[in-house]
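K.L.:
run.tsv is reproduced in full below (TSV, C-alpha atoms).
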chain	number	residue	atom	x	y	z
X	245	MET	CA	96.40	-31.43	-12.64
X	246	GLU	CA	98.99	-31.25	-15.39
X	247	GLN	CA	101.14	-34.16	-16.49
X	248	GLY	CA	104.66	-33.84	-15.12
X	249	ILE	CA	106.50	-33.90	-11.80
X	250	SER	CA	107.06	-31.21	-9.18
X	251	ILE	CA	110.28	-31.54	-7.16
X	252	ILE	CA	109.66	-30.04	-3.71
X	253	ILE	CA	112.49	-29.04	-1.39
X	254	CYS	CA	111.48	-28.15	2.16
X	255	SER	CA	114.19	-26.13	3.89
X	256	HIS	CA	114.63	-24.36	7.21
X	257	ASN	CA	117.85	-22.34	7.51
X	258	GLY	CA	119.42	-24.30	4.69
X	259	GLU	CA	121.68	-21.69	3.05
X	260	LEU	CA	124.78	-23.85	3.54
X	261	ARG	CA	123.17	-27.07	2.31
X	262	ILE	CA	120.95	-25.93	-0.54
X	263	PRO	CA	123.63	-25.18	-3.21
X	264	THR	CA	124.87	-28.79	-3.36
X	265	THR	CA	121.32	-30.15	-3.38
X	266	LEU	CA	120.39	-27.87	-6.29
X	267	SER	CA	123.58	-28.70	-8.18
X	268	HIS	CA	122.51	-32.36	-8.31
X	269	LEU	CA	119.08	-31.37	-9.61
X	270	ARG	CA	120.70	-29.13	-12.24
X	271	ALA	CA	122.61	-32.16	-13.51
X	272	GLN	CA	119.48	-34.24	-14.18
X	273	THR	CA	119.01	-36.28	-17.32
X	274	THR	CA	116.35	-34.22	-19.06
X	275	PRO	CA	112.99	-35.99	-18.70
X	276	SER	CA	110.61	-36.15	-21.65
X	277	VAL	CA	107.89	-34.55	-19.53
X	278	PRO	CA	107.61	-31.15	-17.83
X	279	TRP	CA	109.06	-30.70	-14.35
X	280	GLU	CA	109.67	-27.89	-11.90
X	281	VAL	CA	111.50	-27.24	-8.65
X	282	VAL	CA	109.56	-25.71	-5.76
X	283	LEU	CA	111.51	-24.51	-2.74
X	284	ILE	CA	109.41	-24.20	0.42
X	285	ASP	CA	111.33	-21.78	2.62
X	286	ASN	CA	110.04	-22.84	6.02
X	287	ALA	CA	110.46	-19.80	8.29
X	288	SER	CA	114.18	-19.54	7.60
X	289	GLU	CA	116.16	-16.89	9.44
X	290	ASP	CA	119.14	-16.99	7.08
X	291	ASP	CA	119.59	-16.38	3.34
X	292	THR	CA	118.14	-19.71	2.15
X	293	THR	CA	115.97	-18.08	-0.53
X	294	LYS	CA	118.67	-15.72	-1.81
X	295	VAL	CA	121.29	-18.47	-2.01
X	296	ALA	CA	118.87	-20.87	-3.73
X	297	VAL	CA	117.88	-18.35	-6.41
X	298	SER	CA	121.53	-17.54	-7.06
X	299	SER	CA	122.50	-21.23	-7.22
X	300	TRP	CA	119.74	-22.01	-9.72
X	301	ALA	CA	120.53	-19.20	-12.17
X	302	ASP	CA	119.94	-20.51	-15.72
X	303	GLY	CA	118.66	-23.83	-14.32
X	304	PRO	CA	117.05	-26.30	-16.73
X	305	VAL	CA	113.50	-25.71	-15.39
X	306	PRO	CA	111.78	-22.99	-13.37
X	307	LEU	CA	112.54	-22.63	-9.66
X	308	ARG	CA	109.70	-21.21	-7.59
X	309	VAL	CA	110.28	-20.09	-4.01
X	310	VAL	CA	107.33	-20.18	-1.62
X	311	ASN	CA	107.60	-18.83	1.91
X	312	GLU	CA	105.80	-20.92	4.56
X	313	ALA	CA	105.76	-19.00	7.83
X	314	LYS	CA	104.32	-21.84	9.91
X	315	LEU	CA	107.34	-23.73	11.19
X	316	GLY	CA	107.34	-27.52	10.88
X	317	LEU	CA	108.29	-29.99	8.18
X	318	GLN	CA	104.75	-31.31	7.82
X	319	HIS	CA	103.42	-27.78	7.27
X	320	ALA	CA	106.09	-27.28	4.61
X	321	ARG	CA	105.20	-30.55	2.86
X	322	GLU	CA	101.51	-29.70	2.84
X	323	ARG	CA	102.30	-26.27	1.40
X	324	GLY	CA	104.31	-28.04	-1.28
X	325	LEU	CA	101.27	-30.16	-2.12
X	326	ARG	CA	99.14	-27.04	-2.56
X	327	GLU	CA	101.73	-25.24	-4.65
X	328	ALA	CA	102.75	-28.08	-6.98
X	329	LYS	CA	101.38	-27.75	-10.51
X	330	TYR	CA	102.04	-31.32	-11.70
X	331	ASP	CA	100.38	-34.65	-10.95
X	332	PHE	CA	103.47	-36.31	-9.41
X	333	LEU	CA	105.47	-35.02	-6.43
X	334	GLY	CA	109.08	-35.71	-5.52
X	335	PHE	CA	110.27	-34.61	-2.07
X	336	VAL	CA	113.97	-33.88	-1.66
X	337	ASP	CA	115.43	-32.66	1.64
X	338	ASP	CA	117.96	-29.85	1.51
X	339	ASP	CA	120.72	-32.34	2.42
X	340	ASN	CA	119.79	-34.91	-0.24
X	341	TRP	CA	121.88	-35.36	-3.39
X	342	VAL	CA	119.88	-37.17	-6.07
X	343	ALA	CA	121.30	-39.34	-8.86
X	344	GLN	CA	121.33	-37.91	-12.39
X	345	ASP	CA	118.29	-39.91	-13.48
X	346	TRP	CA	116.28	-39.46	-10.28
X	347	VAL	CA	113.64	-37.13	-11.73
X	348	LEU	CA	113.22	-39.26	-14.85
X	349	VAL	CA	112.89	-42.53	-12.89
X	350	ALA	CA	110.51	-40.96	-10.36
X	351	HIS	CA	108.14	-39.81	-13.07
X	352	ASP	CA	108.28	-42.89	-15.26
X	353	THR	CA	107.74	-45.41	-12.46
X	354	LEU	CA	104.70	-43.57	-11.12
X	355	ALA	CA	103.31	-43.12	-14.63
X	356	SER	CA	103.71	-46.80	-15.45
X	357	ASP	CA	101.57	-48.08	-12.56
X	358	PRO	CA	98.25	-46.28	-11.90
X	359	ALA	CA	97.80	-48.19	-8.62
X	360	LEU	CA	101.10	-46.94	-7.19
X	361	GLY	CA	100.46	-44.19	-4.64
X	362	ALA	CA	103.96	-43.67	-3.25
X	363	GLU	CA	107.51	-44.86	-3.77
X	364	GLY	CA	110.68	-44.42	-1.76
X	365	SER	CA	114.33	-44.10	-2.70
X	366	VAL	CA	117.46	-46.02	-1.83
X	367	CYS	CA	119.36	-43.59	0.37
X	368	ASP	CA	123.08	-43.96	1.11
X	369	PRO	CA	124.97	-41.82	3.63
X	370	VAL	CA	127.81	-39.41	2.89
X	371	PHE	CA	129.85	-38.47	5.96
X	372	GLU	CA	131.49	-35.15	6.76
X	373	VAL	CA	133.72	-36.90	9.31
X	374	PRO	CA	134.71	-40.58	9.71
X	375	LYS	CA	131.68	-42.81	10.27
X	376	PRO	CA	131.13	-43.72	13.96
X	377	LYS	CA	131.42	-47.42	14.75
X	378	TRP	CA	127.84	-47.49	16.03
X	379	PHE	CA	126.26	-45.82	12.97
X	380	ASP	CA	125.37	-48.92	10.95
X	381	GLY	CA	123.29	-50.27	13.81
X	382	PHE	CA	121.14	-47.12	13.87
X	383	HIS	CA	121.26	-45.95	10.25
X	384	SER	CA	117.51	-46.23	9.74
X	385	SER	CA	117.03	-43.51	12.37
X	386	TYR	CA	118.86	-41.18	9.97
X	387	ALA	CA	116.52	-42.00	7.04
X	388	ILE	CA	119.17	-44.23	5.48
X	389	LEU	CA	117.95	-47.14	3.34
X	390	THR	CA	120.61	-49.26	1.66
X	391	ASP	CA	120.52	-52.08	-0.89
X	392	SER	CA	121.12	-54.60	1.90
X	393	ASP	CA	118.02	-53.27	3.69
X	394	LEU	CA	115.92	-54.03	0.62
X	395	VAL	CA	116.85	-57.70	0.85
X	396	ARG	CA	115.28	-57.92	4.32
X	397	TYR	CA	111.85	-56.62	3.38
X	398	ARG	CA	109.84	-56.30	0.19
X	399	GLU	CA	106.46	-54.85	1.20
X	400	PRO	CA	106.98	-51.82	3.46
X	401	GLU	CA	104.24	-50.57	5.76
X	402	TYR	CA	105.48	-46.98	5.32
X	403	LEU	CA	108.18	-44.97	3.54
X	404	SER	CA	110.79	-42.42	4.60
X	405	GLY	CA	110.45	-38.79	3.54
X	406	ALA	CA	113.97	-38.50	2.05
X	407	GLY	CA	113.44	-39.03	-1.67
X	408	LEU	CA	109.73	-39.79	-1.27
X	409	CYS	CA	107.68	-39.65	-4.48
X	410	LEU	CA	103.89	-39.41	-4.42
X	411	ARG	CA	100.93	-39.46	-6.73
X	412	LYS	CA	99.24	-36.14	-5.98
X	413	TYR	CA	95.78	-37.63	-6.46
X	414	ALA	CA	96.41	-40.25	-3.76
X	415	TRP	CA	97.18	-37.54	-1.19
X	416	THR	CA	94.38	-35.15	-2.19
X	417	GLN	CA	91.89	-38.03	-2.20
X	418	LEU	CA	92.82	-38.78	1.41
X	419	ILE	CA	92.26	-35.15	2.37
X	420	HIS	CA	88.90	-34.98	0.59
X	421	GLN	CA	87.79	-38.06	2.51
X	422	GLY	CA	88.68	-36.59	5.90
X	423	PHE	CA	92.35	-37.42	6.48
X	424	HIS	CA	94.50	-34.90	8.29
X	425	SER	CA	97.96	-35.35	9.71
X	426	SER	CA	98.31	-35.60	13.48
X	427	MET	CA	102.07	-35.02	13.26
X	428	THR	CA	104.06	-31.80	12.98
X	429	ASP	CA	107.17	-33.78	11.99
X	430	ARG	CA	110.57	-32.08	12.33
X	431	PHE	CA	110.12	-28.68	13.95
X	432	GLY	CA	113.10	-26.35	13.58
X	433	ALA	CA	115.93	-27.81	15.69
X	434	GLN	CA	113.54	-30.12	17.56
X	435	LEU	CA	114.26	-33.81	16.94
X	436	SER	CA	110.86	-35.19	16.10
X	437	GLY	CA	109.35	-36.92	13.10
X	438	GLY	CA	106.72	-39.27	11.79
X	439	GLY	CA	104.80	-37.19	9.27
X	440	ASP	CA	106.14	-39.21	6.34
X	441	THR	CA	105.36	-42.47	8.17
X	442	GLU	CA	101.79	-41.37	8.89
X	443	LEU	CA	101.10	-40.15	5.36
X	444	THR	CA	102.46	-43.20	3.56
X	445	SER	CA	100.77	-45.54	6.05
X	446	ALA	CA	97.46	-43.81	5.29
X	447	ILE	CA	98.05	-44.05	1.55
X	448	ARG	CA	98.64	-47.79	1.94
X	449	LEU	CA	95.55	-48.25	4.14
X	450	ALA	CA	93.51	-46.38	1.52
X	451	GLY	CA	94.31	-49.15	-0.95
X	452	TRP	CA	97.22	-47.73	-2.91
X	453	LYS	CA	100.44	-49.63	-3.43
X	454	ILE	CA	103.62	-48.30	-1.85
X	455	ARG	CA	107.13	-49.59	-2.47
X	456	VAL	CA	110.81	-48.74	-2.53
X	457	GLU	CA	112.06	-48.33	-6.09
X	458	PRO	CA	115.67	-49.64	-6.32
X	459	ARG	CA	116.40	-47.40	-9.32
X	460	LEU	CA	115.58	-44.26	-7.33
X	461	ARG	CA	118.86	-43.38	-5.66
X	462	LEU	CA	120.17	-40.48	-3.63
X	463	LYS	CA	122.79	-39.67	-1.03
X	464	HIS	CA	122.04	-38.19	2.38
X	465	PHE	CA	124.70	-35.84	3.75
X	466	MET	CA	125.59	-36.53	7.39
X	467	PRO	CA	127.20	-33.47	9.05
X	468	ALA	CA	129.58	-33.91	11.98
X	469	GLU	CA	127.13	-32.60	14.58
X	470	ARG	CA	124.67	-35.39	13.80
X	471	LEU	CA	127.28	-38.11	14.24
X	472	THR	CA	127.80	-37.88	17.99
X	473	TRP	CA	126.48	-40.32	20.57
X	474	SER	CA	124.72	-37.52	22.47
X	475	TYR	CA	122.88	-36.53	19.28
X	476	LEU	CA	121.83	-40.15	18.70
X	477	ARG	CA	120.42	-40.34	22.23
X	478	ARG	CA	118.40	-37.16	21.73
X	479	LEU	CA	117.28	-38.38	18.31
X	480	GLN	CA	115.99	-41.69	19.69
X	481	ARG	CA	114.19	-39.94	22.55
X	482	GLY	CA	112.64	-37.26	20.35
X	483	TYR	CA	111.51	-39.55	17.54
X	484	THR	CA	110.01	-42.11	19.91
X	485	ALA	CA	108.08	-39.37	21.70
X	486	SER	CA	106.68	-37.93	18.48
X	487	GLN	CA	105.71	-41.32	17.05
X	488	VAL	CA	103.38	-42.40	19.86
X	489	LEU	CA	100.42	-41.40	17.73
X	490	LEU	CA	101.58	-43.76	14.99
X	491	ASP	CA	100.33	-46.68	17.12
X	492	ALA	CA	97.00	-46.00	15.43
X	493	TYR	CA	98.42	-47.17	12.09
X	494	SER	CA	99.91	-50.44	13.32
X	495	PRO	CA	98.49	-53.67	11.82
X	496	HIS	CA	97.32	-54.72	15.29
X	497	SER	CA	95.42	-51.49	15.86
X	498	VAL	CA	93.64	-51.32	12.52
X	499	SER	CA	92.63	-55.00	12.47
X	500	MET	CA	91.85	-55.92	16.06
X	501	THR	CA	88.34	-56.88	17.16
X	502	LEU	CA	86.65	-55.25	20.09
X	503	GLY	CA	87.08	-56.85	23.52
X	504	PHE	CA	88.37	-55.95	26.96
X	505	LYS	CA	92.02	-56.70	26.18
X	506	GLN	CA	91.83	-54.83	22.88
X	507	TRP	CA	90.02	-51.93	24.54
X	508	LEU	CA	92.94	-51.53	26.94
X	509	GLY	CA	95.14	-50.90	23.92
X	510	HIS	CA	93.19	-47.71	23.26
X	511	VAL	CA	93.59	-46.39	26.81
X	512	TRP	CA	96.53	-44.03	27.08
X	513	TRP	CA	97.09	-44.56	30.81
X	514	CYS	CA	97.43	-48.30	30.23
X	515	GLN	CA	100.07	-47.71	27.57
X	516	LEU	CA	101.80	-45.18	29.81
X	517	ALA	CA	101.86	-47.59	32.76
X	518	SER	CA	103.30	-50.33	30.55
X	519	SER	CA	106.21	-48.10	29.46
X	520	VAL	CA	106.90	-46.92	33.02
X	521	LEU	CA	106.94	-50.51	34.23
X	522	LYS	CA	109.43	-51.50	31.54
X	523	LEU	CA	111.62	-48.58	32.53
X	524	VAL	CA	111.74	-49.31	36.28
X	525	ARG	CA	112.46	-52.97	35.61
X	526	ARG	CA	115.83	-51.97	34.13
X	527	PRO	CA	117.50	-50.13	37.04
X	528	ASN	CA	121.08	-50.84	35.95
X	529	ALA	CA	120.57	-49.48	32.43
X	530	LEU	CA	118.62	-46.54	33.83
X	531	PHE	CA	121.47	-45.70	36.23
X	532	VAL	CA	124.04	-45.80	33.40
X	533	THR	CA	121.81	-43.61	31.23
X	534	LEU	CA	121.43	-40.99	33.97
X	535	THR	CA	125.06	-40.93	35.10
X	536	SER	CA	127.16	-41.36	31.93
X	537	SER	CA	127.20	-41.09	28.16
X	538	GLY	CA	126.75	-44.87	27.87
X	539	GLU	CA	128.44	-44.78	24.49
X	540	HIS	CA	128.04	-47.91	22.34
X	541	ARG	CA	125.54	-49.41	24.81
X	542	GLN	CA	122.33	-50.67	23.23
X	543	ASP	CA	120.55	-50.74	26.60
X	544	VAL	CA	121.10	-46.97	26.95
X	545	ILE	CA	119.36	-46.39	23.62
X	546	GLU	CA	116.51	-48.64	24.75
X	547	ILE	CA	116.13	-46.52	27.90
X	548	GLU	CA	116.04	-43.36	25.77
X	549	ARG	CA	113.29	-44.90	23.64
X	550	LEU	CA	111.27	-45.85	26.70
X	551	TYR	CA	111.74	-42.38	28.16
X	552	GLY	CA	110.72	-40.86	24.85
X	553	ARG	CA	107.58	-42.98	24.69
X	554	ILE	CA	106.63	-41.93	28.23
X	555	LEU	CA	107.10	-38.27	27.28
X	556	GLY	CA	105.00	-38.81	24.17
X	557	MET	CA	102.21	-40.49	26.10
X	558	LEU	CA	102.15	-37.63	28.62
X	559	ARG	CA	101.83	-35.12	25.80
X	560	VAL	CA	99.02	-36.75	23.85
X	561	LYS	CA	96.79	-38.04	26.69
X	562	ARG	CA	93.21	-38.35	25.40
X	563	ARG	CA	94.26	-37.82	21.79
X	564	TYR	CA	95.84	-41.29	21.89
X	565	GLY	CA	92.62	-43.28	22.07
X	566	THR	CA	90.76	-40.80	19.88
X	567	LEU	CA	93.19	-41.17	17.01
X	568	ARG	CA	93.28	-44.96	17.24
X	569	ARG	CA	89.48	-45.06	16.95
X	570	HIS	CA	89.55	-42.49	14.17
X	571	VAL	CA	91.97	-44.48	12.03
X	572	ARG	CA	90.13	-47.74	12.60
X	573	HIS	CA	86.86	-46.25	11.35
X	574	ALA	CA	88.22	-43.65	8.92
X	575	PRO	CA	86.18	-43.18	5.71
X	576	TRP	CA	89.40	-43.04	3.68
X	577	ARG	CA	90.39	-46.59	4.65
X	578	LEU	CA	89.97	-49.36	2.11
X	579	ARG	CA	87.35	-51.83	3.31
X	580	ARG	CA	87.78	-55.55	2.72
X	581	SER	CA	84.84	-55.64	0.33
X	582	GLU	CA	86.66	-53.09	-1.85
X	583	GLU	CA	90.05	-54.82	-1.96
X	584	SER	CA	89.63	-55.85	-5.58
X	585	THR	CA	88.85	-52.29	-6.65
X	586	SER	CA	91.61	-49.90	-7.71
X	587	PRO	CA	91.68	-46.61	-5.78
X	588	ARG	CA	91.41	-44.76	-9.08
X	589	ASP	CA	88.09	-46.51	-9.68
X	590	ARG	CA	86.57	-45.30	-6.43
X	591	THR	CA	84.86	-41.94	-6.44
X	592	SER	CA	86.51	-39.34	-4.23
X	593	VAL	CA	84.32	-37.38	-1.84
The structure given in the file should be rewritten as structure tokens.
P.N.:
Amino acid sequence: MEQGISIIICSHNGELRIPTTLSHLRAQTTPSVPWEVVLIDNASEDDTTKVAVSSWADGPVPLRVVNEAKLGLQHARERGLREAKYDFLGFVDDDNWVAQDWVLVAHDTLASDPALGAEGSVCDPVFEVPKPKWFDGFHSSYAILTDSDLVRYREPEYLSGAGLCLRKYAWTQLIHQGFHSSMTDRFGAQLSGGGDTELTSAIRLAGWKIRVEPRLRLKHFMPAERLTWSYLRRLQRGYTASQVLLDAYSPHSVSMTLGFKQWLGHVWWCQLASSVLKLVRRPNALFVTLTSSGEHRQDVIEIERLYGRILGMLRVKRRYGTLRRHVRHAPWRLRRSEESTSPRDRTSV
């Protein structure tokens, strides 16, 4: 791997969004190390590639376009990993507008701490239309992370994919030791996610440090169609369904001792029954959810999350317990006897 940083943009049908994203990268404070921009065109059906190449004419560094025919954000990210030529990776969505020093800060902070496997960015929203009154209460669902959020927690268990920066070695080491993602993440227009959560959780469990870097800053563009209550309901349902498999990475799952009660936690039908029971115990909220928009009602969102979890459990079935056991006993996990050893000091398989 060469010293430098590869900025990876994963885009599906992003011809309208990509020019502004690239304009912010063009305006970067020139780092003292090599960098590149890699656009992963993820099965786009519009002119994403053509518009991107035109927008980057005479850009400060090379722009490479790679076509990934397999639809899904996680497939695009993994293709970006394979294509990147430098030892650090910076992931920018096609609706992210990075600060002028983002590339420089991303590289220098990773270079200054060999034990740092991943770092996230502070991400503020930019609205196409006036902000809905309910938005602040659900902003994390839109990959928004503000300065006030940083005050509430200091040691994250995972990081968001918007503005995510990674040490390439940390990811490839996971793969060499048997890790593979169970998530497809966002899939075209389908509202799902979790690939960034799974990857950064695994990096942390492997013994690397992860953190949010306050100096890494970007803005996340919020188009009008994503700022409706009906979209929020679908978002909550879809994300909860896709994140069922992330139970395997919870502190309870990876640390619990064997026993009958703990064994039940691995059984998908037990988890399914628990969610169904919670749903039927809330008939009033369920009725409102089924018969109206339920705008501004927190209990309606909670019903959508329960419904999403039930859908997710029905989809995964036996994979649920299998993945929980796999993560608990994964060879890439840092064992307690190794906690004093830096991941760089351990030999990769």
K.L.:
Could you please give me, as a list in words, the residues of protein, DNA or RNA lying at most 12 Å from (98.7, -46.9, 30.1) in the coordinate frame of the file, considering all atoms listed in the file?
P.N.:
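The requested residues, written out, are Trp507, Leu508, Gly509, His510, Val511, Trp512, Trp513, Cys514, Gln515, Leu516, Ala517, Ser518, Ser519, Val520, Leu521, Lys522, Arg553, Ile554, Gly556, Met557, Leu558, Val560, Lys561, Arg562, Tyr564 and Gly565 of chain X.
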K.L.:
Have a look at atom CA of His496 of chain X and atom CA of Leu449 of chain X and let me know their distance in Å, one decimal.
P.N.:
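Taking atom CA of His496 of chain X and atom CA of Leu449 of chain X, their separation equals 13.0 Å.
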K.L.:
Please list as a ChimeraX atom specification every residue within 8 Å of segment 250-267 of chain X, counting all atoms listed in the file and excluding residues in the same chain fewer than 2 positions away.
P.N.:
/X:248,269-271,279-293,295-296,299-300,317,320-321,324,328-342,347,432
K.L.:
What's the 10 Å shell around Glu546 of chain X, counting only C-alpha atoms, without same-chain residues fewer than 6 positions away, as a list of chain:residue names?
P.N.:
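Contacts, with the query itself left out: X:Arg477, X:Gln480, X:Arg481, X:Leu523, X:Arg526, X:Ala529, X:Leu530, X:Thr533, X:Gly552.
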K.L.:
Which residues, written as a VMD selection string, have at least one atom at most 8 Å from Leu462 of chain X, with only C-alpha atoms counted and residues fewer than 6 positions away on the same chain left out?
P.N.:
chain X and resid 340 to 343 346 365 to 368 407
K.L.:
Give as a list of chain:residue names the set of residues within 7 Å of the point (97.4, -46.4, -5.1), where distances use the file's coordinates and only C-alpha atoms.
P.N.:
X:Pro358, X:Ala359, X:Leu360, X:Gly361, X:Ala414, X:Gly451, X:Trp452, X:Lys453, X:Pro587
K.L.:
Any chance you could export the current selection's C-alpha atoms as a CSV table (one decimal), keeping the file's coordinate frame?
P.N.:
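Ended up saving to part.csv:
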chain,number,residue,atom,x,y,z
X,358,PRO,CA,98.2,-46.3,-11.9
X,359,ALA,CA,97.8,-48.2,-8.6
X,360,LEU,CA,101.1,-46.9,-7.2
X,361,GLY,CA,100.5,-44.2,-4.6
X,414,ALA,CA,96.4,-40.2,-3.8
X,451,GLY,CA,94.3,-49.2,-1.0
X,452,TRP,CA,97.2,-47.7,-2.9
X,453,LYS,CA,100.4,-49.6,-3.4
X,587,PRO,CA,91.7,-46.6,-5.8
K.L.:
Could you check how far atom CA of Pro467 of chain X sits from atom CA of Ser385 of chain X, in Å to one decimal?
P.N.:
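Answer for the atom CA of Pro467 of chain X to atom CA of Ser385 of chain X separation: 14.7 Å.
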